[in-house]
Amino acid sequence: MEIRCELIRIMITETGDQQVIVLKEAKGRRSFPIVIGFFEAAAIDRRIKGHVLPRPMTHDLLASVIEAMGGRLAKVVVTDLRDHTFFASLVIERGGQPVLVDARPSDAIALAVAEGTPIFVADHVLDAVAGPSAPGFSA
C-alpha cells in the first residue's frame, strides 16, 4: 500500500554537501527526513518559491520529454529503503498504461514539485523510518 505524503520542509546548508527534505504523511502525524544533494534541494526550493529560470533545467527537460512522448507524470513513489538508501519510481501514464521509471527520490520529488504531482511512500518504508519505534523527528 502507498501513503500520500507532502513535502513539509527543506533544509539547505550552503556550507555542506548534504541537504535535507522532510516528507510527512498527508493524513497523519508521521514524518521523516531524506538527505539529498545541493542541486536537487535548490531545484525544489526554486519551484516552491515560484522562481522560473530563463532556460530549462534537468527536471524541466524531463517533464518536457515525458509530455512530448505522450505521457503524464501521475505520481512519484518512494518505494524502498535498503542499506540507508531510499529508492523511488516515477509513475508515468502513457496510452492508458502505467510506465514505471526508477529514480532517485530527490529527482523524483523535484519533478513532482515542478509538476504539482502527488508524492507517495510505500507503507513499509514509512513504517521503517517514521513508525513508533523508528528514529526520526516529527513535524
# chains A, B, ... in the order shown; residues from 1 in each chain; ligands from 1
>>> residues_around(residues="Asp45 (chain A)", least_positions_apart="3", cutoff="10 Å", atoms="only C-alpha atoms", output="NGL selection string")
:A and (9-12 or 39-42 or 48-51 or 110 or 113)
>>> write_last_selection(atoms="C-alpha atoms", output="JSON list (two decimals), in the first residue's frame")
[["chain", "number", "residue", "atom", "x", "y", "z"],
["A", 9, "ARG", "CA", 10.41, 21.19, 4.92],
["A", 10, "ILE", "CA", 13.61, 21.87, 3.02],
["A", 11, "MET", "CA", 16.80, 22.48, 4.95],
["A", 12, "ILE", "CA", 19.55, 23.93, 2.78],
["A", 39, "PHE", "CA", 21.39, 20.95, -6.68],
["A", 40, "GLU", "CA", 18.23, 18.88, -6.12],
["A", 41, "ALA", "CA", 17.42, 20.87, -2.97],
["A", 42, "ALA", "CA", 17.95, 24.13, -4.85],
["A", 48, "ILE", "CA", 8.29, 26.12, -4.23],
["A", 49, "LYS", "CA", 9.19, 29.81, -4.31],
["A", 50, "GLY", "CA", 7.94, 30.16, -7.88],
["A", 51, "HIS", "CA", 11.27, 31.15, -9.40],
["A", 110, "ALA", "CA", 11.94, 17.70, -7.56],
["A", 113, "VAL", "CA", 7.10, 19.62, -7.05]]
>>> residues_around(residues="Ser89 (chain A)", least_positions_apart="2", cutoff="12 Å", atoms="only C-alpha atoms", output="PyMOL selection string")
chain A and resi 73-80+86-87+91-92+98-109+111-112+119-122
>>> closest_residue(among="A:His59, A:Ile66, A:Ile34, A:Ala26", to="Val125 (chain A)", atoms="only C-alpha atoms")
A:Ile34
>>> closest_residue(among="A:Gly116, A:Val65, A:Arg55, A:Leu126", to="Lys24 (chain A)", atoms="only C-alpha atoms")
A:Leu126
>>> atom_distance(atom1="CA of Val35 (chain A)", atom2="CA of Thr15 (chain A)")
14.8 Å
>>> select_by_dssp(residues="chain A", states="alpha helix (DSSP H)", output="PDB file with N, CA and C atoms, in the first residue's frame")
ATOM      1  N   PHE A  38      22.766  19.180  -3.001  1.00  0.00           N
ATOM      2  CA  PHE A  38      22.506  20.620  -3.038  1.00  0.00           C
ATOM      3  C   PHE A  38      21.699  21.028  -4.270  1.00  0.00           C
ATOM      4  N   PHE A  39      22.055  20.518  -5.443  1.00  0.00           N
ATOM      5  CA  PHE A  39      21.387  20.948  -6.677  1.00  0.00           C
ATOM      6  C   PHE A  39      19.919  20.530  -6.698  1.00  0.00           C
ATOM      7  N   GLU A  40      19.619  19.323  -6.181  1.00  0.00           N
ATOM      8  CA  GLU A  40      18.232  18.883  -6.117  1.00  0.00           C
ATOM      9  C   GLU A  40      17.452  19.734  -5.119  1.00  0.00           C
ATOM     10  N   ALA A  41      18.079  20.024  -3.966  1.00  0.00           N
ATOM     11  CA  ALA A  41      17.421  20.874  -2.966  1.00  0.00           C
ATOM     12  C   ALA A  41      17.150  22.267  -3.528  1.00  0.00           C
ATOM     13  N   ALA A  42      18.121  22.807  -4.245  1.00  0.00           N
ATOM     14  CA  ALA A  42      17.947  24.133  -4.845  1.00  0.00           C
ATOM     15  C   ALA A  42      16.823  24.119  -5.883  1.00  0.00           C
ATOM     16  N   ALA A  43      16.737  23.040  -6.675  1.00  0.00           N
ATOM     17  CA  ALA A  43      15.673  22.934  -7.680  1.00  0.00           C
ATOM     18  C   ALA A  43      14.300  22.884  -7.009  1.00  0.00           C
ATOM     19  N   ILE A  44      14.188  22.110  -5.941  1.00  0.00           N
ATOM     20  CA  ILE A  44      12.918  22.024  -5.212  1.00  0.00           C
ATOM     21  C   ILE A  44      12.576  23.378  -4.605  1.00  0.00           C
ATOM     22  N   ASP A  45      13.546  24.004  -3.982  1.00  0.00           N
ATOM     23  CA  ASP A  45      13.334  25.306  -3.343  1.00  0.00           C
ATOM     24  C   ASP A  45      12.896  26.358  -4.359  1.00  0.00           C
ATOM     25  N   ARG A  46      13.540  26.386  -5.531  1.00  0.00           N
ATOM     26  CA  ARG A  46      13.159  27.344  -6.582  1.00  0.00           C
ATOM     27  C   ARG A  46      11.706  27.164  -6.990  1.00  0.00           C
ATOM     28  N   ARG A  47      11.301  25.907  -7.174  1.00  0.00           N
ATOM     29  CA  ARG A  47       9.927  25.631  -7.598  1.00  0.00           C
ATOM     30  C   ARG A  47       8.912  26.050  -6.551  1.00  0.00           C
ATOM     31  N   ILE A  48       9.212  25.755  -5.306  1.00  0.00           N
ATOM     32  CA  ILE A  48       8.289  26.119  -4.234  1.00  0.00           C
ATOM     33  C   ILE A  48       8.139  27.635  -4.153  1.00  0.00           C
ATOM     34  N   LYS A  49       9.230  28.347  -4.373  1.00  0.00           N
ATOM     35  CA  LYS A  49       9.195  29.806  -4.305  1.00  0.00           C
ATOM     36  C   LYS A  49       8.706  30.447  -5.599  1.00  0.00           C
ATOM     37  N   THR A  58      17.377  20.379 -15.684  1.00  0.00           N
ATOM     38  CA  THR A  58      17.213  18.946 -15.938  1.00  0.00           C
ATOM     39  C   THR A  58      15.791  18.462 -15.642  1.00  0.00           C
ATOM     40  N   HIS A  59      15.215  18.889 -14.529  1.00  0.00           N
ATOM     41  CA  HIS A  59      13.868  18.431 -14.185  1.00  0.00           C
ATOM     42  C   HIS A  59      12.835  18.985 -15.157  1.00  0.00           C
ATOM     43  N   ASP A  60      13.055  20.199 -15.645  1.00  0.00           N
ATOM     44  CA  ASP A  60      12.174  20.772 -16.666  1.00  0.00           C
ATOM     45  C   ASP A  60      12.281  19.977 -17.964  1.00  0.00           C
ATOM     46  N   LEU A  61      13.500  19.618 -18.306  1.00  0.00           N
ATOM     47  CA  LEU A  61      13.739  18.824 -19.515  1.00  0.00           C
ATOM     48  C   LEU A  61      13.015  17.486 -19.428  1.00  0.00           C
ATOM     49  N   LEU A  62      13.148  16.814 -18.300  1.00  0.00           N
ATOM     50  CA  LEU A  62      12.493  15.513 -18.139  1.00  0.00           C
ATOM     51  C   LEU A  62      10.977  15.659 -18.247  1.00  0.00           C
ATOM     52  N   ALA A  63      10.406  16.674 -17.649  1.00  0.00           N
ATOM     53  CA  ALA A  63       8.965  16.904 -17.751  1.00  0.00           C
ATOM     54  C   ALA A  63       8.556  17.128 -19.206  1.00  0.00           C
ATOM     55  N   SER A  64       9.366  17.883 -19.944  1.00  0.00           N
ATOM     56  CA  SER A  64       9.074  18.131 -21.364  1.00  0.00           C
ATOM     57  C   SER A  64       9.166  16.852 -22.182  1.00  0.00           C
ATOM     58  N   VAL A  65      10.139  16.006 -21.888  1.00  0.00           N
ATOM     59  CA  VAL A  65      10.292  14.737 -22.612  1.00  0.00           C
ATOM     60  C   VAL A  65       9.093  13.832 -22.344  1.00  0.00           C
ATOM     61  N   ILE A  66       8.678  13.743 -21.088  1.00  0.00           N
ATOM     62  CA  ILE A  66       7.508  12.918 -20.749  1.00  0.00           C
ATOM     63  C   ILE A  66       6.293  13.396 -21.531  1.00  0.00           C
ATOM     64  N   GLU A  67       6.073  14.707 -21.556  1.00  0.00           N
ATOM     65  CA  GLU A  67       4.926  15.266 -22.279  1.00  0.00           C
ATOM     66  C   GLU A  67       5.049  15.052 -23.783  1.00  0.00           C
ATOM     67  N   ALA A  68       6.237  15.287 -24.339  1.00  0.00           N
ATOM     68  CA  ALA A  68       6.433  15.140 -25.785  1.00  0.00           C
ATOM     69  C   ALA A  68       6.224  13.698 -26.242  1.00  0.00           C
ATOM     70  N   PRO A 105      15.023   9.429  -5.167  1.00  0.00           N
ATOM     71  CA  PRO A 105      13.924  10.186  -4.573  1.00  0.00           C
ATOM     72  C   PRO A 105      14.079  11.702  -4.727  1.00  0.00           C
ATOM     73  N   SER A 106      15.299  12.201  -4.650  1.00  0.00           N
ATOM     74  CA  SER A 106      15.496  13.647  -4.785  1.00  0.00           C
ATOM     75  C   SER A 106      15.057  14.137  -6.156  1.00  0.00           C
ATOM     76  N   ASP A 107      15.406  13.413  -7.201  1.00  0.00           N
ATOM     77  CA  ASP A 107      14.986  13.801  -8.551  1.00  0.00           C
ATOM     78  C   ASP A 107      13.482  13.628  -8.724  1.00  0.00           C
ATOM     79  N   ALA A 108      12.946  12.529  -8.204  1.00  0.00           N
ATOM     80  CA  ALA A 108      11.508  12.280  -8.323  1.00  0.00           C
ATOM     81  C   ALA A 108      10.707  13.361  -7.616  1.00  0.00           C
ATOM     82  N   ILE A 109      11.139  13.744  -6.423  1.00  0.00           N
ATOM     83  CA  ILE A 109      10.419  14.763  -5.660  1.00  0.00           C
ATOM     84  C   ILE A 109      10.572  16.128  -6.310  1.00  0.00           C
ATOM     85  N   ALA A 110      11.760  16.429  -6.840  1.00  0.00           N
ATOM     86  CA  ALA A 110      11.940  17.701  -7.561  1.00  0.00           C
ATOM     87  C   ALA A 110      10.995  17.772  -8.756  1.00  0.00           C
ATOM     88  N   LEU A 111      10.858  16.679  -9.478  1.00  0.00           N
ATOM     89  CA  LEU A 111       9.953  16.641 -10.622  1.00  0.00           C
ATOM     90  C   LEU A 111       8.493  16.752 -10.165  1.00  0.00           C
ATOM     91  N   ALA A 112       8.157  16.064  -9.077  1.00  0.00           N
ATOM     92  CA  ALA A 112       6.789  16.130  -8.556  1.00  0.00           C
ATOM     93  C   ALA A 112       6.426  17.552  -8.139  1.00  0.00           C
ATOM     94  N   VAL A 113       7.349  18.233  -7.465  1.00  0.00           N
ATOM     95  CA  VAL A 113       7.099  19.617  -7.054  1.00  0.00           C
ATOM     96  C   VAL A 113       6.928  20.504  -8.284  1.00  0.00           C
ATOM     97  N   ALA A 114       7.769  20.306  -9.285  1.00  0.00           N
ATOM     98  CA  ALA A 114       7.699  21.116 -10.504  1.00  0.00           C
ATOM     99  C   ALA A 114       6.383  20.907 -11.248  1.00  0.00           C
ATOM    100  N   GLU A 115       5.874  19.686 -11.222  1.00  0.00           N
ATOM    101  CA  GLU A 115       4.672  19.349 -11.984  1.00  0.00           C
ATOM    102  C   GLU A 115       3.392  19.362 -11.150  1.00  0.00           C
ATOM    103  N   ASP A 123       4.093   1.905   2.369  1.00  0.00           N
ATOM    104  CA  ASP A 123       3.828   1.828   3.808  1.00  0.00           C
ATOM    105  C   ASP A 123       4.965   1.179   4.575  1.00  0.00           C
ATOM    106  N   HIS A 124       5.639   0.176   4.001  1.00  0.00           N
ATOM    107  CA  HIS A 124       6.744  -0.461   4.727  1.00  0.00           C
ATOM    108  C   HIS A 124       7.926   0.492   4.907  1.00  0.00           C
ATOM    109  N   VAL A 125       8.098   1.424   3.970  1.00  0.00           N
ATOM    110  CA  VAL A 125       9.157   2.431   4.108  1.00  0.00           C
ATOM    111  C   VAL A 125       8.778   3.406   5.221  1.00  0.00           C
ATOM    112  N   LEU A 126       7.554   3.880   5.200  1.00  0.00           N
ATOM    113  CA  LEU A 126       7.107   4.822   6.228  1.00  0.00           C
ATOM    114  C   LEU A 126       7.161   4.172   7.609  1.00  0.00           C
ATOM    115  N   ASP A 127       6.762   2.908   7.702  1.00  0.00           N
ATOM    116  CA  ASP A 127       6.845   2.197   8.979  1.00  0.00           C
ATOM    117  C   ASP A 127       8.281   2.104   9.471  1.00  0.00           C
ATOM    118  N   ALA A 128       9.215   1.868   8.552  1.00  0.00           N
ATOM    119  CA  ALA A 128      10.625   1.702   8.928  1.00  0.00           C
ATOM    120  C   ALA A 128      11.267   3.001   9.391  1.00  0.00           C
ATOM    121  N   VAL A 129      10.904   4.112   8.769  1.00  0.00           N
ATOM    122  CA  VAL A 129      11.593   5.374   9.078  1.00  0.00           C
ATOM    123  C   VAL A 129      10.810   6.296   9.998  1.00  0.00           C
ATOM    124  N   ALA A 130       9.509   6.088  10.106  1.00  0.00           N
ATOM    125  CA  ALA A 130       8.701   7.017  10.903  1.00  0.00           C
ATOM    126  C   ALA A 130       7.693   6.299  11.789  1.00  0.00           C
TER     127      ALA A 130
END
>>> select_by_dssp(residues="chain A", states="strand (DSSP E)", output="ChimeraX atom specification")
/A:2-11,18-25,31-37,71-82,85-94,97-103,119-122
>>> closest_residue(among="A:Ile36, A:Leu81, A:Gly70, A:Glu2", to="Gly96 (chain A)", atoms="only C-alpha atoms")
A:Gly70
>>> decode(residues="region 17-137 of chain A", atoms="C-alpha atoms", output="PDB file, in the first residue's frame")
ATOM      1  CA  ASP A  17      27.117  18.813   0.525  1.00  0.00           C
ATOM      2  CA  GLN A  18      24.076  17.189   2.089  1.00  0.00           C
ATOM      3  CA  GLN A  19      20.710  18.878   2.291  1.00  0.00           C
ATOM      4  CA  VAL A  20      17.553  17.546   3.919  1.00  0.00           C
ATOM      5  CA  ILE A  21      13.925  17.415   2.876  1.00  0.00           C
ATOM      6  CA  VAL A  22      11.172  16.184   5.150  1.00  0.00           C
ATOM      7  CA  LEU A  23       8.126  14.247   3.993  1.00  0.00           C
ATOM      8  CA  LYS A  24       5.014  13.899   6.177  1.00  0.00           C
ATOM      9  CA  GLU A  25       2.039  11.665   5.647  1.00  0.00           C
ATOM     10  CA  ALA A  26      -0.833  13.823   4.372  1.00  0.00           C
ATOM     11  CA  LYS A  27      -3.440  12.475   6.778  1.00  0.00           C
ATOM     12  CA  GLY A  28      -1.256  11.567   9.697  1.00  0.00           C
ATOM     13  CA  ARG A  29       1.500  12.649  12.009  1.00  0.00           C
ATOM     14  CA  ARG A  30       4.490  10.623  10.856  1.00  0.00           C
ATOM     15  CA  SER A  31       7.329  12.344   9.056  1.00  0.00           C
ATOM     16  CA  PHE A  32      10.868  11.522   8.055  1.00  0.00           C
ATOM     17  CA  PRO A  33      13.946  13.154   6.534  1.00  0.00           C
ATOM     18  CA  ILE A  34      15.693  12.301   3.281  1.00  0.00           C
ATOM     19  CA  VAL A  35      19.218  13.534   2.674  1.00  0.00           C
ATOM     20  CA  ILE A  36      19.643  14.923  -0.848  1.00  0.00           C
ATOM     21  CA  GLY A  37      22.207  16.862  -2.841  1.00  0.00           C
ATOM     22  CA  PHE A  38      22.506  20.620  -3.038  1.00  0.00           C
ATOM     23  CA  PHE A  39      21.387  20.948  -6.677  1.00  0.00           C
ATOM     24  CA  GLU A  40      18.232  18.883  -6.117  1.00  0.00           C
ATOM     25  CA  ALA A  41      17.421  20.874  -2.966  1.00  0.00           C
ATOM     26  CA  ALA A  42      17.947  24.133  -4.845  1.00  0.00           C
ATOM     27  CA  ALA A  43      15.673  22.934  -7.680  1.00  0.00           C
ATOM     28  CA  ILE A  44      12.918  22.024  -5.212  1.00  0.00           C
ATOM     29  CA  ASP A  45      13.334  25.306  -3.343  1.00  0.00           C
ATOM     30  CA  ARG A  46      13.159  27.344  -6.582  1.00  0.00           C
ATOM     31  CA  ARG A  47       9.927  25.631  -7.598  1.00  0.00           C
ATOM     32  CA  ILE A  48       8.289  26.119  -4.234  1.00  0.00           C
ATOM     33  CA  LYS A  49       9.195  29.806  -4.305  1.00  0.00           C
ATOM     34  CA  GLY A  50       7.937  30.156  -7.880  1.00  0.00           C
ATOM     35  CA  HIS A  51      11.273  31.147  -9.399  1.00  0.00           C
ATOM     36  CA  VAL A  52      11.410  30.429 -13.118  1.00  0.00           C
ATOM     37  CA  LEU A  53      14.779  30.244 -14.829  1.00  0.00           C
ATOM     38  CA  PRO A  54      15.204  31.510 -18.403  1.00  0.00           C
ATOM     39  CA  ARG A  55      16.362  28.095 -19.661  1.00  0.00           C
ATOM     40  CA  PRO A  56      15.100  24.636 -18.703  1.00  0.00           C
ATOM     41  CA  MET A  57      16.949  22.747 -16.003  1.00  0.00           C
ATOM     42  CA  THR A  58      17.213  18.946 -15.938  1.00  0.00           C
ATOM     43  CA  HIS A  59      13.868  18.431 -14.185  1.00  0.00           C
ATOM     44  CA  ASP A  60      12.174  20.772 -16.666  1.00  0.00           C
ATOM     45  CA  LEU A  61      13.739  18.824 -19.515  1.00  0.00           C
ATOM     46  CA  LEU A  62      12.493  15.513 -18.139  1.00  0.00           C
ATOM     47  CA  ALA A  63       8.965  16.904 -17.751  1.00  0.00           C
ATOM     48  CA  SER A  64       9.074  18.131 -21.364  1.00  0.00           C
ATOM     49  CA  VAL A  65      10.292  14.737 -22.612  1.00  0.00           C
ATOM     50  CA  ILE A  66       7.508  12.918 -20.749  1.00  0.00           C
ATOM     51  CA  GLU A  67       4.926  15.266 -22.279  1.00  0.00           C
ATOM     52  CA  ALA A  68       6.433  15.140 -25.785  1.00  0.00           C
ATOM     53  CA  MET A  69       6.269  11.342 -25.690  1.00  0.00           C
ATOM     54  CA  GLY A  70       2.558  11.446 -24.860  1.00  0.00           C
ATOM     55  CA  GLY A  71       2.901  10.750 -21.165  1.00  0.00           C
ATOM     56  CA  ARG A  72       1.807  12.346 -17.945  1.00  0.00           C
ATOM     57  CA  LEU A  73       3.540  12.072 -14.594  1.00  0.00           C
ATOM     58  CA  ALA A  74       0.786  10.521 -12.464  1.00  0.00           C
ATOM     59  CA  LYS A  75       2.720  10.253  -9.202  1.00  0.00           C
ATOM     60  CA  VAL A  76       6.072   9.579  -7.634  1.00  0.00           C
ATOM     61  CA  VAL A  77       6.542   6.828  -5.079  1.00  0.00           C
ATOM     62  CA  VAL A  78       9.318   6.311  -2.553  1.00  0.00           C
ATOM     63  CA  THR A  79       9.343   2.544  -2.975  1.00  0.00           C
ATOM     64  CA  ASP A  80      12.059   1.147  -0.762  1.00  0.00           C
ATOM     65  CA  LEU A  81      14.813   1.693   1.761  1.00  0.00           C
ATOM     66  CA  ARG A  82      17.886  -0.543   1.529  1.00  0.00           C
ATOM     67  CA  ASP A  83      21.192  -0.045   3.321  1.00  0.00           C
ATOM     68  CA  HIS A  84      20.205   3.502   4.367  1.00  0.00           C
ATOM     69  CA  THR A  85      19.384   4.419   0.745  1.00  0.00           C
ATOM     70  CA  PHE A  86      15.901   5.385  -0.435  1.00  0.00           C
ATOM     71  CA  PHE A  87      14.588   4.280  -3.826  1.00  0.00           C
ATOM     72  CA  ALA A  88      11.764   5.814  -5.852  1.00  0.00           C
ATOM     73  CA  SER A  89       9.783   5.411  -9.042  1.00  0.00           C
ATOM     74  CA  LEU A  90       8.172   7.822 -11.437  1.00  0.00           C
ATOM     75  CA  VAL A  91       4.750   6.531 -12.436  1.00  0.00           C
ATOM     76  CA  ILE A  92       4.082   7.862 -15.916  1.00  0.00           C
ATOM     77  CA  GLU A  93       0.737   7.256 -17.610  1.00  0.00           C
ATOM     78  CA  ARG A  94       1.091   6.783 -21.345  1.00  0.00           C
ATOM     79  CA  GLY A  95      -1.607   5.413 -23.598  1.00  0.00           C
ATOM     80  CA  GLY A  96      -3.676   4.439 -20.573  1.00  0.00           C
ATOM     81  CA  GLN A  97      -0.871   2.272 -19.197  1.00  0.00           C
ATOM     82  CA  PRO A  98       1.453   2.987 -16.275  1.00  0.00           C
ATOM     83  CA  VAL A  99       5.155   3.125 -17.059  1.00  0.00           C
ATOM     84  CA  LEU A 100       7.471   2.827 -14.044  1.00  0.00           C
ATOM     85  CA  VAL A 101      10.836   4.559 -14.179  1.00  0.00           C
ATOM     86  CA  ASP A 102      13.460   4.051 -11.480  1.00  0.00           C
ATOM     87  CA  ALA A 103      14.597   7.364  -9.978  1.00  0.00           C
ATOM     88  CA  ARG A 104      16.463   8.815  -7.055  1.00  0.00           C
ATOM     89  CA  PRO A 105      13.924  10.186  -4.573  1.00  0.00           C
ATOM     90  CA  SER A 106      15.496  13.647  -4.785  1.00  0.00           C
ATOM     91  CA  ASP A 107      14.986  13.801  -8.551  1.00  0.00           C
ATOM     92  CA  ALA A 108      11.508  12.280  -8.323  1.00  0.00           C
ATOM     93  CA  ILE A 109      10.419  14.763  -5.660  1.00  0.00           C
ATOM     94  CA  ALA A 110      11.940  17.701  -7.561  1.00  0.00           C
ATOM     95  CA  LEU A 111       9.953  16.641 -10.622  1.00  0.00           C
ATOM     96  CA  ALA A 112       6.789  16.130  -8.556  1.00  0.00           C
ATOM     97  CA  VAL A 113       7.099  19.617  -7.054  1.00  0.00           C
ATOM     98  CA  ALA A 114       7.699  21.116 -10.504  1.00  0.00           C
ATOM     99  CA  GLU A 115       4.672  19.349 -11.984  1.00  0.00           C
ATOM    100  CA  GLY A 116       2.320  19.526  -8.990  1.00  0.00           C
ATOM    101  CA  THR A 117       2.255  15.740  -8.889  1.00  0.00           C
ATOM    102  CA  PRO A 118       1.360  13.774  -5.746  1.00  0.00           C
ATOM    103  CA  ILE A 119       4.080  12.075  -3.711  1.00  0.00           C
ATOM    104  CA  PHE A 120       3.502   8.677  -2.129  1.00  0.00           C
ATOM    105  CA  VAL A 121       5.596   6.482   0.166  1.00  0.00           C
ATOM    106  CA  ALA A 122       5.300   2.705   0.421  1.00  0.00           C
ATOM    107  CA  ASP A 123       3.828   1.828   3.808  1.00  0.00           C
ATOM    108  CA  HIS A 124       6.744  -0.461   4.727  1.00  0.00           C
ATOM    109  CA  VAL A 125       9.157   2.431   4.108  1.00  0.00           C
ATOM    110  CA  LEU A 126       7.107   4.822   6.228  1.00  0.00           C
ATOM    111  CA  ASP A 127       6.845   2.197   8.979  1.00  0.00           C
ATOM    112  CA  ALA A 128      10.625   1.702   8.928  1.00  0.00           C
ATOM    113  CA  VAL A 129      11.593   5.374   9.078  1.00  0.00           C
ATOM    114  CA  ALA A 130       8.701   7.017  10.903  1.00  0.00           C
ATOM    115  CA  GLY A 131       6.944   4.246  12.798  1.00  0.00           C
ATOM    116  CA  PRO A 132       6.556   4.257  16.589  1.00  0.00           C
ATOM    117  CA  SER A 133       9.988   2.686  17.175  1.00  0.00           C
ATOM    118  CA  ALA A 134      11.818   4.323  14.284  1.00  0.00           C
ATOM    119  CA  PRO A 135      14.284   7.132  14.880  1.00  0.00           C
ATOM    120  CA  GLY A 136      13.266  10.354  13.223  1.00  0.00           C
ATOM    121  CA  PHE A 137      11.591  13.589  14.005  1.00  0.00           C
TER     122      PHE A 137
END
